[in-house]
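Novice: So that we are looking at the same thing, I have put the structure below in structure tokens.
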Amino acid sequence: MQSSNIVQPQQKNTIMQLLEKYKLDGRNNKMSLTAGIYMDETGESPILDTVKVAERFLVENQTCKAAFNMTGDVDFHRAVKKVVFPYFTEVEKKEICVIQTLGASGAINLIGQLVNQYAPLSRIWVSNPTWENHEPLLGHHLGGICHYKYVAENNKASVSKIMEDLQYSKPGDYVLFHASCHNPTGIDPDLYQWTELAKFCKDMRLIPIFDFAYQGFAYDLEKDTEVFGIFKQNVDDFIVCNSFSKNMGLYDERVGALSFIFTDQEKTNSWLQTTKRLIRSSYSIPPIHGGAVASHIINNDLLFKQWGEEVSGMRKDLERRRSDFFSALDCVGMKEDILDFDKQNGMFVCLKLTEEEIGTLREKYGIYMLDSGRISIASLNSKKIPMLCEAIKKLRV
Ligand SMILES: Cc1ncc(COP(=O)(O)O)c(C=O)c1O
């Protein structure tokens, strides 16, 4: 466990820096495995059929682009409640406050500012390891960032290790959890473990914040939300930051939401008003297009079903790629050496390679991955799997 201060050290080889280096790399057989972007076999990030239908609908029917909704449209709020909180009763749904944000990143950034306003001395706990942008997004938070260990035991998250560090938290501290497809490990708590964590948060008076960037990529759109039903039963307050970047392929549209699930409606209203002020003084209003696409799909039962199938298609494809990659590693005799776990959810696989080996892969073979050894199998197609495995093998012969 350690605390970090407001000024973050400059990271080297961030995802964005590696994407830029990759673009400048002139080699034909180069390979970018850095970002969590779903690519098909042709190497493109496809636009979903449902998104195309929604966009056509908007072109034909949208009558105005001057709604000036700082928190997004009511149809978007309805859509988020339907897809992110399907296990909530209608009354419970009414009490949730949804705010459209610039992706989950925008929601997480707002959270850092909100915690400054309401609880400047509270710490925000994030997992170690975690997504590289969590701390920069929350970095201006005054109370500081602390870390809890996130490790796997028998292909499951170790809740006892999480609690071991969180026992040093103070009542009123915030804890950031990954609701599904933990980035980078791909190991999630099961429902029994989430219940243990929910009870722990209640006892320690901690406020959970969920980053929900990969809805639909662990089991399915609905099942991945079960964790919120568990926390609703156990804690008074929690917060969800969800994203439509991955599951709708709307990466560049910047569409996500921040949801407050508070029992005290006065508190909800106060947080809403403060959030509006923060939004007004930064980007003023969220872009309308992505939110309108997402709500059109989710609020239309037929499109909603079709979208669910598209997400399942991507998830199954990732499962197939993961298993093909593991078999190919096995074939070249490297599986045991560089893999810690063989069952993971989501877009990433962590390889046990040294930074030097990762540098060699980049310089010699044009294979780009994070210095931590995290690769995105969402960008790994059938042609690249043998090339990657051969290059890894050559590192160690
Ligand atoms: C854990 C996690 N949270 C959030 C995001 C970003 O989501 P968005 O594009 O909605 O800002 C990512 C994207 O890589 C992620 O891995």
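Residues in the structure tokens are named by chain (A, B, ... in the order shown) and by number from 1 within that chain; ligands are numbered from 1 in the order shown.
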Could you pull out all residues of range 79-239 of chain A with a DSSP call of strand (DSSP E or B) and give them as a PDB file with C-alpha atoms, in the first residue's frame?

Specialist:
```
ATOM      1  CA  CYS A  97     -29.226   9.734 -10.894  1.00  0.00           C
ATOM      2  CA  VAL A  98     -27.615   9.236 -14.337  1.00  0.00           C
ATOM      3  CA  ILE A  99     -25.384  11.820 -15.985  1.00  0.00           C
ATOM      4  CA  GLN A 100     -24.043  11.425 -19.514  1.00  0.00           C
ATOM      5  CA  THR A 101     -20.251  11.758 -19.557  1.00  0.00           C
ATOM      6  CA  ILE A 124      -9.408   6.897  -3.202  1.00  0.00           C
ATOM      7  CA  TRP A 125      -8.169   3.297  -3.311  1.00  0.00           C
ATOM      8  CA  VAL A 126      -7.331   1.750  -6.643  1.00  0.00           C
ATOM      9  CA  SER A 127      -6.161  -1.764  -7.420  1.00  0.00           C
ATOM     10  CA  ASN A 128      -2.515  -2.566  -8.028  1.00  0.00           C
ATOM     11  CA  ILE A 145      -4.581   7.744  -3.991  1.00  0.00           C
ATOM     12  CA  CYS A 146      -3.845   4.481  -2.174  1.00  0.00           C
ATOM     13  CA  HIS A 147      -3.437   1.007  -3.615  1.00  0.00           C
ATOM     14  CA  TYR A 148      -4.826  -2.379  -2.748  1.00  0.00           C
ATOM     15  CA  LYS A 149      -3.181  -5.537  -4.038  1.00  0.00           C
ATOM     16  CA  ALA A 152      -5.236 -14.094  -8.525  1.00  0.00           C
ATOM     17  CA  GLU A 153      -5.305 -17.370  -6.689  1.00  0.00           C
ATOM     18  CA  LYS A 156     -10.001 -16.192  -8.992  1.00  0.00           C
ATOM     19  CA  ALA A 157      -9.380 -12.759  -7.507  1.00  0.00           C
ATOM     20  CA  TYR A 174     -13.629   5.543  -1.710  1.00  0.00           C
ATOM     21  CA  VAL A 175     -12.655   2.271  -3.406  1.00  0.00           C
ATOM     22  CA  LEU A 176     -12.487   1.865  -7.156  1.00  0.00           C
ATOM     23  CA  PHE A 177     -13.436  -1.632  -8.361  1.00  0.00           C
ATOM     24  CA  HIS A 178     -13.553  -2.953 -11.920  1.00  0.00           C
ATOM     25  CA  ILE A 207     -17.911   4.056  -0.729  1.00  0.00           C
ATOM     26  CA  PRO A 208     -17.476   1.821  -3.792  1.00  0.00           C
ATOM     27  CA  ILE A 209     -16.936   3.310  -7.240  1.00  0.00           C
ATOM     28  CA  PHE A 210     -17.292   0.890 -10.149  1.00  0.00           C
ATOM     29  CA  ASP A 211     -15.531   1.301 -13.456  1.00  0.00           C
ATOM     30  CA  PHE A 212     -17.749  -0.618 -15.892  1.00  0.00           C
ATOM     31  CA  ASP A 237     -24.154   4.494  -1.458  1.00  0.00           C
ATOM     32  CA  PHE A 238     -22.167   3.530  -4.517  1.00  0.00           C
ATOM     33  CA  ILE A 239     -21.217   5.019  -7.861  1.00  0.00           C
TER      34      ILE A 239
END
```

Novice: Using only C-alpha atoms and all ligand atoms, which protein or nucleic acid residues are at most 8 Å from ligand 1, as an mmCIF file with N, CA and C atoms, in the first residue's frame?

Specialist:
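Just written: result-v4.cif:
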```cif
data_model
loop_
_atom_site.group_PDB
_atom_site.id
_atom_site.type_symbol
_atom_site.label_atom_id
_atom_site.label_comp_id
_atom_site.auth_asym_id
_atom_site.auth_seq_id
_atom_site.Cartn_x
_atom_site.Cartn_y
_atom_site.Cartn_z
ATOM 1 N N ALA A 35 -3.754 -1.135 -27.288
ATOM 2 C CA ALA A 35 -5.025 -0.572 -26.815
ATOM 3 C C ALA A 35 -6.127 -1.628 -26.785
ATOM 4 N N GLY A 36 -7.070 -1.475 -25.877
ATOM 5 C CA GLY A 36 -8.215 -2.377 -25.794
ATOM 6 C C GLY A 36 -9.283 -1.980 -26.811
ATOM 7 N N ILE A 37 -8.968 -2.191 -28.070
ATOM 8 C CA ILE A 37 -9.931 -1.849 -29.130
ATOM 9 C C ILE A 37 -10.235 -3.132 -29.894
ATOM 10 N N LEU A 102 -18.238 11.996 -20.843
ATOM 11 C CA LEU A 102 -17.332 11.742 -21.963
ATOM 12 C C LEU A 102 -16.676 10.377 -21.731
ATOM 13 N N GLY A 103 -17.426 9.338 -21.987
ATOM 14 C CA GLY A 103 -16.946 7.975 -21.737
ATOM 15 C C GLY A 103 -16.832 7.711 -20.234
ATOM 16 N N ALA A 104 -16.360 6.501 -19.903
ATOM 17 C CA ALA A 104 -16.125 6.194 -18.484
ATOM 18 C C ALA A 104 -15.002 7.077 -17.962
ATOM 19 N N SER A 105 -14.051 7.433 -18.831
ATOM 20 C CA SER A 105 -12.940 8.303 -18.406
ATOM 21 C C SER A 105 -13.478 9.621 -17.861
ATOM 22 N N GLY A 106 -14.442 10.203 -18.578
ATOM 23 C CA GLY A 106 -15.021 11.471 -18.137
ATOM 24 C C GLY A 106 -15.711 11.319 -16.793
ATOM 25 N N ALA A 107 -16.382 10.173 -16.609
ATOM 26 C CA ALA A 107 -17.087 9.933 -15.343
ATOM 27 C C ALA A 107 -16.075 9.814 -14.196
ATOM 28 N N THR A 130 -3.634 -1.685 -12.123
ATOM 29 C CA THR A 130 -4.910 -1.216 -12.674
ATOM 30 C C THR A 130 -4.668 -0.601 -14.045
ATOM 31 N N TRP A 131 -5.753 -0.124 -14.654
ATOM 32 C CA TRP A 131 -5.649 0.559 -15.948
ATOM 33 C C TRP A 131 -4.751 1.787 -15.776
ATOM 34 N N ASN A 133 -4.670 4.678 -16.847
ATOM 35 C CA ASN A 133 -5.217 6.041 -16.807
ATOM 36 C C ASN A 133 -6.047 6.325 -15.552
ATOM 37 N N HIS A 134 -6.229 5.348 -14.668
ATOM 38 C CA HIS A 134 -7.033 5.634 -13.473
ATOM 39 C C HIS A 134 -6.415 6.747 -12.629
ATOM 40 N N HIS A 178 -13.205 -2.724 -10.511
ATOM 41 C CA HIS A 178 -13.553 -2.953 -11.920
ATOM 42 C C HIS A 178 -14.746 -3.918 -11.883
ATOM 43 N N HIS A 182 -11.431 -7.219 -15.150
ATOM 44 C CA HIS A 182 -10.401 -6.390 -14.526
ATOM 45 C C HIS A 182 -9.245 -6.131 -15.499
ATOM 46 N N ASN A 183 -8.906 -4.856 -15.631
ATOM 47 C CA ASN A 183 -7.833 -4.458 -16.537
ATOM 48 C C ASN A 183 -6.591 -4.136 -15.700
ATOM 49 N N PRO A 184 -5.498 -4.877 -15.782
ATOM 50 C CA PRO A 184 -5.130 -5.767 -16.870
ATOM 51 C C PRO A 184 -5.313 -7.266 -16.610
ATOM 52 N N ASP A 211 -15.850 1.006 -12.064
ATOM 53 C CA ASP A 211 -15.531 1.301 -13.456
ATOM 54 C C ASP A 211 -16.102 0.126 -14.257
ATOM 55 N N PHE A 212 -17.043 0.436 -15.144
ATOM 56 C CA PHE A 212 -17.749 -0.618 -15.892
ATOM 57 C C PHE A 212 -17.520 -0.372 -17.388
ATOM 58 N N ALA A 213 -16.270 -0.614 -17.809
ATOM 59 C CA ALA A 213 -15.903 -0.292 -19.195
ATOM 60 C C ALA A 213 -16.143 -1.463 -20.137
ATOM 61 N N TYR A 214 -16.350 -2.666 -19.571
ATOM 62 C CA TYR A 214 -16.405 -3.860 -20.429
ATOM 63 C C TYR A 214 -17.707 -4.635 -20.249
ATOM 64 N N ASN A 242 -19.938 3.931 -16.327
ATOM 65 C CA ASN A 242 -19.999 2.927 -17.402
ATOM 66 C C ASN A 242 -19.663 3.545 -18.759
ATOM 67 N N SER A 243 -19.335 2.656 -19.679
ATOM 68 C CA SER A 243 -18.844 3.096 -20.985
ATOM 69 C C SER A 243 -19.566 2.361 -22.107
ATOM 70 N N PHE A 244 -19.781 3.054 -23.221
ATOM 71 C CA PHE A 244 -20.269 2.372 -24.426
ATOM 72 C C PHE A 244 -19.178 2.323 -25.504
ATOM 73 N N SER A 245 -17.940 2.638 -25.093
ATOM 74 C CA SER A 245 -16.839 2.616 -26.070
ATOM 75 C C SER A 245 -16.647 1.222 -26.642
ATOM 76 N N LYS A 246 -16.534 0.229 -25.753
ATOM 77 C CA LYS A 246 -16.164 -1.116 -26.203
ATOM 78 C C LYS A 246 -17.392 -1.878 -26.699
ATOM 79 N N TYR A 251 -15.966 4.167 -29.562
ATOM 80 C CA TYR A 251 -14.762 4.728 -28.930
ATOM 81 C C TYR A 251 -14.631 6.248 -29.115
ATOM 82 N N ASP A 252 -14.616 6.676 -30.380
ATOM 83 C CA ASP A 252 -14.327 8.092 -30.639
ATOM 84 C C ASP A 252 -15.519 9.010 -30.354
ATOM 85 N N ARG A 254 -17.115 9.158 -27.593
ATOM 86 C CA ARG A 254 -17.011 9.516 -26.180
ATOM 87 C C ARG A 254 -18.370 9.473 -25.497
ATOM 88 N N VAL A 255 -18.843 8.252 -25.252
ATOM 89 C CA VAL A 255 -20.148 8.146 -24.609
ATOM 90 C C VAL A 255 -20.122 7.141 -23.452
ATOM 91 N N GLY A 256 -20.521 7.656 -22.311
ATOM 92 C CA GLY A 256 -20.566 6.858 -21.090
ATOM 93 C C GLY A 256 -21.459 7.574 -20.089
#
```

Novice: Can you pull out every residue within 12 Å of range 358-361 of chain A, counting only C-alpha atoms, but drop anything in the same chain fewer than 4 positions away, and send it as a PyMOL selection string?

Specialist: chain A and resi 13+18+30-34+351-354+365-375+387-396

Novice: Could you work out how far CA of Met347 in chain A lies from CA of Lys52 in chain A, giving the answer in Å with one decimal?

Specialist: 23.7 Å

Novice: Enumerate, as a ChimeraX atom specification, the complete set of residues in range 147-207 of chain A that a backbone-based DSSP assignment places in alpha helix (DSSP H).

Specialist: /A:159-166,191-204

Novice: From the set A:His289, A:Lys343, A:Lys267, A:Arg320, which residue has the shortest atom-to-atom contact distance to Arg56 in chain A, counting only C-alpha atoms?

Specialist: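 Nearest to Arg56 in chain A: A:His289.
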
Novice: What's the separation between CA of Ala292 in chain A and CA of Gln62 in chain A, in Å to one decimal place?

Specialist: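 So the two atoms, CA of Ala292 in chain A and CA of Gln62 in chain A, lie 9.3 Å apart.
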
Novice: Would you mind listing what lies within 10 Å of Phe76 in chain A as an MDAnalysis selection string, with only C-alpha atoms counted and same-chain residues fewer than 2 positions away left out?

Specialist: chainID A and resid 71:74 78:82 98:100 256:257 288 290:296 298:299

Novice: Nearest to Phe231 in chain A among A:Leu339, A:Leu19, A:Leu191, A:Leu272, with distances taken over only C-alpha atoms: which residue is it?

Specialist: A:Leu191

Novice: Excluding Val159 in chain A and residues on its chain fewer than 2 positions from it, collect all residues at most 9 Å away from it, counting only C-alpha atoms, and give them as a ChimeraX atom specification.

Specialist: /A:150-152,156-157,161-164,189,193-194,196-197

Novice: Mind writing the picked residues with N, CA and C atoms as a tab-separated table (two decimals), in the first residue's frame?

Specialist:
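Output saved as again_10.tsv:
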```tsv
chain	number	residue	atom	x	y	z
A	150	TYR	N	-4.05	-6.54	-6.04
A	150	TYR	CA	-5.04	-7.30	-6.81
A	150	TYR	C	-4.32	-8.47	-7.46
A	151	VAL	N	-4.48	-9.63	-6.86
A	151	VAL	CA	-3.77	-10.81	-7.38
A	151	VAL	C	-4.77	-11.95	-7.54
A	152	ALA	N	-4.35	-12.94	-8.30
A	152	ALA	CA	-5.24	-14.09	-8.52
A	152	ALA	C	-4.72	-15.31	-7.77
A	156	LYS	N	-8.98	-17.09	-9.56
A	156	LYS	CA	-10.00	-16.19	-8.99
A	156	LYS	C	-9.29	-15.02	-8.31
A	157	ALA	N	-9.99	-13.89	-8.22
A	157	ALA	CA	-9.38	-12.76	-7.51
A	157	ALA	C	-9.21	-13.13	-6.04
A	161	LYS	N	-6.56	-10.75	-0.03
A	161	LYS	CA	-5.45	-9.80	-0.26
A	161	LYS	C	-5.99	-8.37	-0.40
A	162	ILE	N	-7.15	-8.25	-1.06
A	162	ILE	CA	-7.75	-6.91	-1.21
A	162	ILE	C	-8.06	-6.35	0.18
A	163	MET	N	-8.68	-7.20	1.01
A	163	MET	CA	-9.10	-6.73	2.33
A	163	MET	C	-7.89	-6.45	3.24
A	164	GLU	N	-6.84	-7.23	3.02
A	164	GLU	CA	-5.62	-7.03	3.83
A	164	GLU	C	-5.17	-5.57	3.73
A	189	PRO	N	-13.74	-11.08	-9.31
A	189	PRO	CA	-14.35	-11.81	-8.19
A	189	PRO	C	-15.62	-12.52	-8.67
A	193	GLN	N	-17.72	-13.74	-3.84
A	193	GLN	CA	-16.66	-12.82	-3.42
A	193	GLN	C	-17.12	-11.36	-3.45
A	194	TRP	N	-17.96	-11.03	-4.46
A	194	TRP	CA	-18.50	-9.66	-4.49
A	194	TRP	C	-19.34	-9.41	-3.24
A	196	GLU	N	-18.89	-10.77	-0.32
A	196	GLU	CA	-17.94	-10.54	0.79
A	196	GLU	C	-17.41	-9.10	0.75
A	197	LEU	N	-17.07	-8.64	-0.46
A	197	LEU	CA	-16.53	-7.29	-0.59
A	197	LEU	C	-17.58	-6.23	-0.25
```

Novice: Just checking: using only C-alpha atoms, which residue out of A:Tyr219, A:Trp307, A:Trp271, A:Tyr87 ends up closest to Val53 in chain A?

Specialist: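 Using only C-alpha atoms, Val53 in chain A sits closest to A:Trp307.
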
Novice: Pick the closest to Phe260 in chain A from A:Thr275, A:Asn381, A:Ser45, A:Ser376: which is it, counting only C-alpha atoms?

Specialist: A:Thr275

Novice: My list of candidates is A:Thr14, A:Tyr38, A:Leu110, A:Gly43. Which is closest to Leu278 in chain A when distances are computed with only C-alpha atoms?

Specialist: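 Looking at the shortest contact to Leu278 in chain A, the residue is A:Leu110.
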
Novice: Would you mind reading off the distance between CA of Thr50 in chain A and CA of Ser312 in chain A, one decimal, in Å?

Specialist: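 Going from CA of Thr50 in chain A over to CA of Ser312 in chain A, I get 13.5 Å.
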